>>> print(open('input.cif').read())   # mmCIF, C-alpha atoms
data_run
loop_
_atom_site.label_atom_id
_atom_site.label_comp_id
_atom_site.auth_asym_id
_atom_site.auth_seq_id
_atom_site.Cartn_x
_atom_site.Cartn_y
_atom_site.Cartn_z
CA MET A 1 80.01 51.94 60.30
CA LYS A 2 76.65 53.68 60.47
CA SER A 3 77.53 57.14 59.23
CA LYS A 4 75.20 60.09 59.73
CA GLY A 5 76.31 61.40 56.34
CA PHE A 6 78.69 64.03 55.05
CA ALA A 7 79.38 67.28 56.90
CA THR A 8 81.64 70.22 56.19
CA GLY A 9 83.26 72.92 58.22
CA VAL A 10 81.64 76.27 57.59
CA TRP A 11 85.19 77.69 57.34
CA VAL A 12 85.58 75.84 54.03
CA PHE A 13 83.42 78.57 52.51
CA GLY A 14 85.28 81.45 54.18
CA SER A 15 88.00 83.74 52.83
CA CYS A 16 90.78 81.16 53.38
CA PRO A 17 93.62 83.40 54.64
CA ASP A 18 97.20 82.31 55.22
CA ARG A 19 100.17 84.11 56.80
CA PHE A 20 101.13 85.63 53.44
CA CYS A 21 97.65 86.69 52.36
CA THR A 22 96.08 87.54 55.69
CA LYS A 23 92.91 88.97 54.16
CA GLY A 24 92.23 85.68 52.44
CA TYR A 25 92.13 84.58 48.83
CA LYS A 26 88.39 84.86 48.58
CA LYS A 27 85.69 87.34 49.43
CA GLU A 28 84.23 86.88 52.90
CA VAL A 29 80.58 85.89 52.74
CA SER A 30 77.82 85.93 55.31
CA LEU A 31 76.82 82.86 57.30
CA GLU A 32 73.55 82.70 55.40
CA GLU A 33 75.36 82.72 52.04
CA SER A 34 77.65 79.94 53.24
CA LEU A 35 74.66 77.87 54.35
CA ASP A 36 73.01 78.36 50.97
CA LYS A 37 76.13 77.09 49.18
CA ILE A 38 76.48 74.12 51.51
CA ALA A 39 72.83 73.16 51.12
CA SER A 40 73.23 73.18 47.33
CA ILE A 41 75.90 70.45 47.37
CA GLU A 42 74.50 66.97 46.89
CA GLY A 43 75.37 64.70 49.78
CA LEU A 44 76.19 67.40 52.32
CA GLN A 45 73.80 67.26 55.25
CA GLY A 46 75.84 68.44 58.22
CA LEU A 47 77.84 71.42 59.37
CA MET A 48 80.77 71.89 61.75
CA MET A 49 80.98 75.32 63.39
CA HIS A 50 83.18 77.03 65.96
CA TYR A 51 82.17 78.61 69.25
CA PRO A 52 82.11 81.58 69.96
CA ALA A 53 82.19 82.64 66.30
CA PRO A 54 80.23 82.18 64.20
CA LEU A 55 78.13 80.19 66.68
CA ASN A 56 77.37 81.21 70.28
CA GLU A 57 74.65 81.25 72.90
CA ASP A 58 73.25 84.54 71.60
CA ASN A 59 72.58 83.34 68.05
CA ALA A 60 72.17 79.58 68.63
CA SER A 61 68.39 79.62 68.21
CA TYR A 62 68.66 81.70 65.04
CA VAL A 63 71.33 79.41 63.57
CA LYS A 64 69.20 76.39 64.45
CA LYS A 65 66.28 77.84 62.45
CA GLU A 66 68.56 78.68 59.52
CA LEU A 67 69.90 75.12 59.48
CA GLU A 68 66.41 73.63 59.65
CA LYS A 69 65.28 75.92 56.83
CA ARG A 70 67.94 74.34 54.61
CA ASP A 71 67.51 70.80 55.93
CA LEU A 72 70.99 70.86 57.50
CA LYS A 73 72.12 69.64 60.92
CA LEU A 74 74.90 70.68 63.25
CA ALA A 75 77.43 67.86 63.23
CA SER A 76 79.68 69.31 65.92
CA CYS A 77 80.47 72.47 67.81
CA ASP A 78 84.24 73.11 67.87
CA VAL A 79 85.51 75.39 70.62
CA ASP A 80 87.99 78.02 69.41
CA LEU A 81 90.85 78.08 71.93
CA PHE A 82 93.49 78.95 69.37
CA SER A 83 92.76 82.06 67.27
CA SER A 84 92.80 84.77 69.94
CA PRO A 85 96.10 86.34 71.07
CA GLU A 86 95.01 85.91 74.69
CA PHE A 87 95.64 82.17 74.28
CA SER A 88 99.15 82.63 72.90
CA TRP A 89 100.73 81.04 76.01
CA GLY A 90 98.14 78.29 76.23
CA ALA A 91 94.48 77.90 77.05
CA LEU A 92 93.72 74.84 79.18
CA MET A 93 97.35 74.53 80.27
CA CYS A 94 97.80 78.16 81.23
CA GLU A 95 98.00 79.01 84.91
CA LYS A 96 96.74 82.53 84.34
CA GLU A 97 93.20 83.94 84.42
CA VAL A 98 92.88 83.05 80.75
CA ARG A 99 92.59 79.37 81.70
CA LYS A 100 89.33 80.13 83.50
CA LYS A 101 87.98 81.74 80.34
CA ALA A 102 89.04 78.74 78.23
CA LEU A 103 87.20 76.40 80.58
CA GLU A 104 84.05 78.50 80.48
CA MET A 105 84.16 78.71 76.67
CA SER A 106 84.52 74.94 76.42
CA LYS A 107 81.56 74.35 78.73
CA LYS A 108 79.40 76.82 76.83
CA ALA A 109 80.36 75.15 73.56
CA MET A 110 79.09 71.84 74.95
CA ASP A 111 75.79 73.47 75.91
CA VAL A 112 75.41 75.08 72.48
CA ALA A 113 76.12 71.73 70.83
CA GLU A 114 73.38 70.15 72.91
CA HIS A 115 70.94 72.97 72.09
CA LEU A 116 71.41 72.42 68.37
CA GLY A 117 71.27 68.65 68.59
CA ALA A 118 74.95 67.93 67.97
CA GLU A 119 76.33 64.95 69.86
CA VAL A 120 79.94 66.15 69.78
CA MET A 121 81.92 69.13 71.03
CA ASN A 122 85.28 68.97 69.29
CA LEU A 123 88.27 70.34 71.19
CA TRP A 124 91.60 71.06 69.51
CA PRO A 125 93.87 72.80 72.07
CA GLY A 126 96.15 74.26 69.43
CA GLN A 127 97.95 76.73 71.70
CA ASP A 128 98.56 74.18 74.46
CA GLY A 129 102.11 73.02 73.99
CA PHE A 130 105.59 74.50 73.92
CA ASP A 131 108.19 75.91 71.53
CA TYR A 132 111.60 75.50 73.25
CA PRO A 133 113.39 73.05 75.56
CA PHE A 134 112.96 73.94 79.26
CA GLN A 135 110.17 76.37 78.38
CA ILE A 136 107.48 74.71 80.52
CA ASN A 137 107.14 72.44 83.52
CA TYR A 138 105.81 69.31 81.84
CA GLN A 139 104.56 67.68 85.04
CA ALA A 140 102.61 70.77 86.06
CA GLN A 141 101.20 71.18 82.57
CA TRP A 142 99.96 67.58 82.37
CA ASP A 143 98.15 68.09 85.67
CA LEU A 144 96.54 71.27 84.37
CA LEU A 145 95.42 69.58 81.15
CA VAL A 146 93.95 66.48 82.80
CA ASP A 147 92.14 68.59 85.40
CA ALA A 148 90.76 70.89 82.69
CA LEU A 149 89.50 68.08 80.47
CA SER A 150 87.92 66.35 83.46
CA GLU A 151 86.11 69.55 84.44
CA ILE A 152 84.84 70.12 80.89
CA ALA A 153 83.71 66.51 80.41
CA SER A 154 81.81 66.42 83.69
CA HIS A 155 80.02 69.69 82.90
CA ASN A 156 77.69 68.01 80.39
CA PRO A 157 78.03 64.21 80.33
CA GLY A 158 75.33 64.00 77.67
CA VAL A 159 77.63 65.59 75.09
CA LYS A 160 80.69 63.80 73.75
CA LEU A 161 83.98 65.64 74.23
CA SER A 162 86.23 64.69 71.32
CA LEU A 163 89.96 65.46 71.48
CA GLU A 164 91.59 66.43 68.21
CA TYR A 165 95.32 65.76 68.18
CA LYS A 166 98.00 67.39 66.05
CA LEU A 167 101.78 67.17 65.91
CA ARG A 168 102.54 70.90 65.74
CA GLU A 169 101.30 74.34 64.69
CA PRO A 170 100.77 76.94 65.98
CA ARG A 171 103.25 75.70 68.65
CA THR A 172 106.36 73.79 67.58
CA HIS A 173 105.14 70.96 69.84
CA SER A 174 101.47 70.26 70.61
CA THR A 175 100.81 68.52 73.90
CA ILE A 176 98.11 66.24 72.47
CA ALA A 177 100.37 65.28 69.58
CA ASN A 178 99.18 61.86 68.44
CA ALA A 179 96.46 59.26 68.69
CA GLY A 180 98.15 57.41 71.57
CA ILE A 181 98.21 60.46 73.83
CA ALA A 182 94.63 61.37 72.90
CA LEU A 183 93.42 57.83 73.59
CA PHE A 184 95.21 57.71 76.94
CA LEU A 185 93.58 60.97 78.01
CA ALA A 186 90.16 59.77 76.84
CA GLN A 187 90.55 56.52 78.77
CA GLU A 188 91.80 58.34 81.84
CA ILE A 189 89.09 60.99 82.01
CA GLY A 190 85.71 59.44 81.33
CA PRO A 191 83.18 57.65 79.12
CA ASN A 192 82.07 60.79 77.27
CA VAL A 193 85.64 61.65 76.21
CA GLY A 194 86.96 60.30 72.92
CA VAL A 195 89.15 61.17 69.95
CA THR A 196 88.79 62.99 66.64
CA ILE A 197 90.86 61.62 63.78
CA ASP A 198 91.91 64.43 61.50
CA LEU A 199 93.21 62.45 58.54
CA GLY A 200 95.83 65.06 57.69
CA HIS A 201 97.05 65.30 61.28
CA SER A 202 97.48 61.54 61.28
CA PHE A 203 99.55 61.78 58.10
CA ASN A 204 101.65 64.56 59.66
CA VAL A 205 102.60 62.43 62.64
CA LYS A 206 103.38 59.54 60.28
CA GLU A 207 100.70 57.27 61.65
CA SER A 208 98.77 54.73 59.65
CA PRO A 209 95.27 56.25 59.84
CA ALA A 210 93.72 52.81 59.27
CA ASN A 211 95.66 51.46 62.24
CA VAL A 212 94.42 54.38 64.36
CA VAL A 213 90.81 53.61 63.40
CA ALA A 214 91.31 50.00 64.50
CA LEU A 215 92.86 51.09 67.80
CA LEU A 216 90.24 53.71 68.70
CA ASP A 217 87.40 51.44 67.62
CA LYS A 218 88.73 48.66 69.84
CA TYR A 219 88.23 50.92 72.87
CA GLY A 220 85.05 52.63 71.65
CA LYS A 221 86.77 56.02 71.52
CA LEU A 222 86.39 57.09 67.87
CA PHE A 223 84.01 60.06 68.24
CA ALA A 224 84.58 62.30 65.18
CA LEU A 225 86.33 62.58 61.82
CA HIS A 226 87.98 65.48 59.99
CA LEU A 227 88.79 64.30 56.47
CA ASN A 228 91.38 65.89 54.19
CA ASP A 229 94.83 65.20 52.73
CA ASN A 230 98.36 66.64 52.61
CA PHE A 231 101.95 65.82 51.67
CA ARG A 232 102.72 64.77 55.28
CA ASP A 233 105.06 67.69 56.01
CA TRP A 234 102.34 70.29 56.69
CA ASP A 235 98.64 70.49 57.49
CA ASP A 236 97.62 71.48 53.96
CA ASP A 237 93.93 70.50 54.34
CA MET A 238 93.69 69.41 50.71
CA ALA A 239 90.76 67.59 49.12
CA VAL A 240 90.31 64.03 50.40
CA GLY A 241 92.23 61.33 48.50
CA SER A 242 94.11 63.80 46.33
CA VAL A 243 97.56 62.64 47.52
CA HIS A 244 97.38 59.48 49.67
CA PHE A 245 94.96 57.32 47.70
CA TRP A 246 96.08 53.91 48.97
CA GLU A 247 96.21 54.95 52.62
CA THR A 248 92.87 56.76 52.36
CA LEU A 249 91.35 53.62 50.84
CA GLU A 250 92.77 51.49 53.67
CA PHE A 251 91.45 54.04 56.18
CA ILE A 252 87.95 53.82 54.66
CA TYR A 253 88.16 50.01 54.72
CA TYR A 254 88.79 49.86 58.46
CA LEU A 255 86.28 52.63 59.06
CA TYR A 256 83.64 50.71 57.11
CA PHE A 257 84.02 47.70 59.40
CA SER A 258 84.20 49.79 62.58
CA ASN A 259 81.45 50.73 65.02
CA TYR A 260 81.69 54.42 64.10
CA GLU A 261 78.29 56.14 63.98
CA GLY A 262 79.26 59.77 63.48
CA TRP A 263 79.61 62.20 60.59
CA LEU A 264 82.09 62.10 57.72
CA GLY A 265 83.38 65.62 58.25
CA LEU A 266 85.25 67.51 55.53
CA ASP A 267 87.94 69.73 57.06
CA ILE A 268 89.52 71.18 53.95
CA PHE A 269 90.91 74.63 53.21
CA PRO A 270 90.57 75.41 49.49
CA TYR A 271 92.74 78.52 49.26
CA ARG A 272 92.50 78.80 45.48
CA GLU A 273 89.99 76.10 44.55
CA ASP A 274 86.25 76.56 44.44
CA PRO A 275 85.04 75.36 47.86
CA ALA A 276 81.94 73.65 46.51
CA GLU A 277 84.00 71.73 43.96
CA ALA A 278 86.55 70.77 46.64
CA CYS A 279 83.70 69.35 48.72
CA ARG A 280 82.22 67.53 45.74
CA PHE A 281 85.58 66.01 44.81
CA SER A 282 86.12 64.87 48.41
CA ILE A 283 82.67 63.30 48.60
CA GLU A 284 83.23 61.57 45.25
CA MET A 285 86.56 60.15 46.44
CA ILE A 286 85.13 58.87 49.71
CA ASN A 287 82.18 57.29 47.90
CA TYR A 288 84.57 55.75 45.37
CA CYS A 289 86.60 54.24 48.22
CA LEU A 290 83.40 52.92 49.79
CA GLU A 291 82.40 51.30 46.50
CA ILE A 292 85.76 49.51 46.35
CA VAL A 293 85.60 48.49 50.00
CA GLN A 294 82.19 46.90 49.47
CA LYS A 295 83.69 44.72 46.71
CA ILE A 296 86.43 43.38 48.98
CA ASP A 297 86.05 39.79 50.13
CA LYS A 298 87.02 40.36 53.76
CA LYS A 299 87.84 36.71 54.40
CA LYS A 300 90.02 36.52 51.30
CA LEU A 301 91.94 39.65 52.28
CA GLU A 302 92.40 38.41 55.83
CA GLU A 303 93.81 35.11 54.52
CA ILE A 304 96.38 37.09 52.54
CA GLN A 305 97.13 39.22 55.59
CA LYS A 306 97.87 36.11 57.64
CA GLU A 307 100.95 35.69 55.48
CA ALA A 308 101.71 39.44 55.59
CA ASP A 309 101.98 39.25 51.81
CA ALA A 310 101.87 42.95 50.95
CA LEU A 311 102.12 42.66 47.17
CA SER A 312 99.42 39.99 46.95
CA ALA A 313 97.16 42.15 49.09
CA LEU A 314 97.78 45.19 46.89
CA ARG A 315 97.29 43.16 43.70
CA TYR A 316 93.97 41.89 45.02
CA ILE A 317 92.76 45.40 45.89
CA LYS A 318 94.07 46.69 42.54
CA SER A 319 91.98 44.08 40.74
CA LEU A 320 88.86 45.71 42.23
CA LEU A 321 89.61 49.24 41.06
#
>>> encode(input="input.cif", output="structure tokens")
Amino acid sequence: MKSKGFATGVWVFGSCPDRFCTKGYKKEVSLEESLDKIASIEGLQGLMMHYPAPLNEDNASYVKKELEKRDLKLASCDVDLFSSPEFSWGALMCEKEVRKKALEMSKKAMDVAEHLGAEVMNLWPGQDGFDYPFQINYQAQWDLLVDALSEIASHNPGVKLSLEYKLREPRTHSTIANAGIALFLAQEIGPNVGVTIDLGHSFNVKESPANVVALLDKYGKLFALHLNDNFRDWDDDMAVGSVHFWETLEFIYYLYFSNYEGWLGLDIFPYREDPAEACRFSIEMINYCLEIVQKIDKKKLEEIQKEADALSALRYIKSLL
């Protein structure tokens, strides 16, 4: 791994609403105030932002200057195809006029990413899926999705298109539901299409995140990371390593020995916690895991793994804590 450093979503410093407290648990602050707070956190050097808000073609140059002023970089531009009611029946998989708009937004997001020096445009098609049996024509929808992703990827081959998968929410079933589907699409569509591992989404779908790292790295398709934690039954976006310590440590181990060269992105949602402290805790946990990983004798561990001796492997790792 040759990480570019730690990044955070700008939304981490927003009002943090949920469906019960729709105004959010915190006071909404300006973009400039958020950037000031982010720049004050030791270790944070990058920022993930959504297109078309708060980042778009009209303010891209201004945002670029504001980032440079604080010695921050844009880690990725994430296209928002999920928060507007017009996408309620789908975005890329919708046969209506709205699909055209979703395609144009995705292409513009790639161009904005390039303008600000970000290598990745992250795409999470949250509204593309279904809620009930017999609701959609699956064959037609797969065709629409593949055609859409191919069109977006070919628009700007110099920018990586990274597909973020998720089991469910806001639909009961997301079309790009797991790492296998995302990898298949990336392989099918083109060299500049890869996969984003959201650690919490991987927990939700009951994957082994470490195994997913190994799989995506094997095919050179690990493009981005969203790091967080949850209790596996919901996308809680908790601080990294706060619940699944062992699996997060294993994830960091396989990441450390991978060819990943991107950002370590924090995608957390601190409803009640101080956002700066949630970021600091997450960075501390990741660095702690990295310290442990660097103590591991890889050959010794692999000898234990040849026997699939789980308890001996865990005892060895425990001895390094």
>>> resolve_selection(input="input.cif", expression="the PyMOL selection byres ((chain A and resi 245) around 12)", output="PyMOL selection string")
chain A and resi 228-231+239-244+246-252+282+285-286+288-289+318+321
>>> closest_residue(input="input.cif", among="A:Leu185, A:Ile268, A:Ala210, A:Val159", to="A:Phe281", atoms="only C-alpha atoms")
A:Ile268
>>> resolve_selection(input="input.cif", expression="the PyMOL selection byres ((chain A and resi 79) around 8)", output="list in words")
His50, Tyr51, Pro52, Cys77, Asp78, Asp80, Leu81, Met105, Ser106, Ala109, Met121, Asn122, Leu123 and Trp124 of chain A
>>> write_last_selection(input="input.cif", atoms="C-alpha atoms", output="PDB file, in the frame of the given file")
ATOM      1  CA  HIS A  50      83.180  77.030  65.960  1.00  0.00           C
ATOM      2  CA  TYR A  51      82.170  78.610  69.250  1.00  0.00           C
ATOM      3  CA  PRO A  52      82.110  81.580  69.960  1.00  0.00           C
ATOM      4  CA  CYS A  77      80.470  72.470  67.810  1.00  0.00           C
ATOM      5  CA  ASP A  78      84.240  73.110  67.870  1.00  0.00           C
ATOM      6  CA  ASP A  80      87.990  78.020  69.410  1.00  0.00           C
ATOM      7  CA  LEU A  81      90.850  78.080  71.930  1.00  0.00           C
ATOM      8  CA  MET A 105      84.160  78.710  76.670  1.00  0.00           C
ATOM      9  CA  SER A 106      84.520  74.940  76.420  1.00  0.00           C
ATOM     10  CA  ALA A 109      80.360  75.150  73.560  1.00  0.00           C
ATOM     11  CA  MET A 121      81.920  69.130  71.030  1.00  0.00           C
ATOM     12  CA  ASN A 122      85.280  68.970  69.290  1.00  0.00           C
ATOM     13  CA  LEU A 123      88.270  70.340  71.190  1.00  0.00           C
ATOM     14  CA  TRP A 124      91.600  71.060  69.510  1.00  0.00           C
TER      15      TRP A 124
END
>>> closest_residue(input="input.cif", among="A:Ala39, A:Ile317, A:Leu216, A:Ala224", to="A:Gly180", atoms="only C-alpha atoms")
A:Leu216
>>> closest_residue(input="input.cif", among="A:Val195, A:Ala148, A:Met110, A:Leu47", to="A:Arg70", atoms="all atoms listed in the file")
A:Leu47
>>> residues_around(input="input.cif", residues="stretch 138-146 of chain A", least_positions_apart="2", cutoff="6 Å", atoms="all atoms listed in the file", output="JSON, numbers by chain")
{"A": [92, 93, 136, 148, 149]}
>>> atom_distance(input="input.cif", atom1="atom CA of A:Gly46", atom2="atom CA of A:Val205")
27.8 Å
>>> closest_residue(input="input.cif", among="A:Asp237, A:Asp111, A:Glu28, A:Glu207", to="A:Asn56", atoms="only C-alpha atoms")
A:Asp111
>>> residues_near_point(input="input.cif", point="(74.2, 84.1, 57.2)", cutoff="12 Å", atoms="only C-alpha atoms", output="number ranges by chain")
A: 10, 13-14, 28-38, 54-55, 59, 62-67, 70
>>> resolve_selection(input="input.cif", expression="the PyMOL selection byres ((chain A and resi 201) around 9)", output="JSON, numbers by chain")
{"A": [164, 165, 166, 167, 177, 178, 197, 198, 199, 200, 202, 203, 204, 205, 206, 207, 229, 230, 232, 234, 235]}
>>> closest_residue(input="input.cif", among="A:Leu314, A:Lys107, A:Ser258, A:Thr172", to="A:Pro133", atoms="all atoms listed in the file")
A:Thr172
>>> residues_near_point(input="input.cif", point="(80.4, 62.2, 73.6)", cutoff="10 Å", atoms="all atoms listed in the file", output="ChimeraX atom specification")
/A:110,118-122,153,156-162,190-195,221-224
>>> closest_residue(input="input.cif", among="A:Gly90, A:Leu227, A:Ala214, A:Leu103", to="A:Arg171", atoms="all atoms listed in the file")
A:Gly90
>>> atom_distance(input="input.cif", atom1="atom CA of A:Lys73", atom2="atom CA of A:Trp11")
15.8 Å
>>> atom_distance(input="input.cif", atom1="atom CA of A:Ala53", atom2="atom CA of A:Ser84")
11.4 Å
>>> decode(input="input.cif", residues="stretch 213-289 of chain A", atoms="C-alpha atoms", output="compact mmCIF listing (two decimals), in the first residue's frame")
# COMPACT_ATOMS: atom_id res chain seq x y z
CA VAL A 213 -9.38 -6.40 -0.47
CA ALA A 214 -7.49 -9.51 -1.59
CA LEU A 215 -9.98 -10.16 -4.40
CA LEU A 216 -10.09 -6.60 -5.75
CA ASP A 217 -6.33 -6.22 -5.45
CA LYS A 218 -5.82 -9.42 -7.44
CA TYR A 219 -7.61 -7.81 -10.39
CA GLY A 220 -6.28 -4.27 -9.86
CA LYS A 221 -9.77 -2.93 -9.17
CA LEU A 222 -9.51 -1.44 -5.67
CA PHE A 223 -9.92 2.29 -6.43
CA ALA A 224 -11.24 3.91 -3.22
CA LEU A 225 -12.00 3.36 0.46
CA HIS A 226 -14.77 4.60 2.75
CA LEU A 227 -13.84 3.62 6.30
CA ASN A 228 -16.30 3.33 9.19
CA ASP A 229 -17.97 0.69 11.37
CA ASN A 230 -21.42 -0.61 12.36
CA PHE A 231 -23.22 -3.50 14.05
CA ARG A 232 -23.76 -5.22 10.67
CA ASP A 233 -27.54 -4.75 10.62
CA TRP A 234 -27.53 -1.11 9.46
CA ASP A 235 -25.20 1.42 7.85
CA ASP A 236 -24.46 3.26 11.09
CA ASP A 237 -21.26 4.98 9.84
CA MET A 238 -19.63 4.78 13.26
CA ALA A 239 -16.01 5.61 14.05
CA VAL A 240 -13.53 3.15 12.55
CA GLY A 241 -12.67 0.13 14.70
CA SER A 242 -15.25 0.94 17.35
CA VAL A 243 -17.13 -2.38 16.93
CA HIS A 244 -15.28 -4.82 14.66
CA PHE A 245 -11.71 -4.54 15.91
CA TRP A 246 -10.43 -7.95 14.78
CA GLU A 247 -11.95 -7.72 11.31
CA THR A 248 -10.78 -4.13 10.89
CA LEU A 249 -7.27 -5.22 11.87
CA GLU A 250 -7.39 -8.07 9.34
CA PHE A 251 -8.69 -5.63 6.71
CA ILE A 252 -5.77 -3.26 7.39
CA TYR A 253 -3.33 -6.20 7.20
CA TYR A 254 -4.42 -7.19 3.70
CA LEU A 255 -4.65 -3.55 2.67
CA TYR A 256 -1.09 -2.95 3.87
CA PHE A 257 0.24 -5.68 1.59
CA SER A 258 -1.95 -4.67 -1.36
CA ASN A 259 -1.14 -2.43 -4.32
CA TYR A 260 -3.63 0.22 -3.20
CA GLU A 261 -2.37 3.77 -3.78
CA GLY A 262 -5.43 5.84 -2.90
CA TRP A 263 -6.75 7.74 0.10
CA LEU A 264 -7.87 6.35 3.45
CA GLY A 265 -11.27 8.00 3.40
CA LEU A 266 -13.35 8.46 6.56
CA ASP A 267 -17.05 8.09 5.79
CA ILE A 268 -18.53 8.48 9.24
CA PHE A 269 -21.71 10.16 10.44
CA PRO A 270 -21.27 11.41 14.02
CA TYR A 271 -24.87 12.27 14.88
CA ARG A 272 -24.14 13.10 18.52
CA GLU A 273 -20.35 12.91 18.72
CA ASP A 274 -17.99 15.77 18.00
CA PRO A 275 -17.01 15.29 14.33
CA ALA A 276 -13.39 16.28 14.86
CA GLU A 277 -13.03 13.80 17.72
CA ALA A 278 -14.71 11.06 15.65
CA CYS A 279 -12.15 11.68 12.91
CA ARG A 280 -9.27 11.71 15.39
CA PHE A 281 -10.43 8.45 16.99
CA SER A 282 -10.75 6.82 13.56
CA ILE A 283 -7.28 7.96 12.51
CA GLU A 284 -5.83 6.73 15.82
CA MET A 285 -7.46 3.31 15.36
CA ILE A 286 -6.23 2.94 11.79
CA ASN A 287 -2.71 3.97 12.80
CA TYR A 288 -2.84 1.56 15.73
CA CYS A 289 -3.82 -1.26 13.36
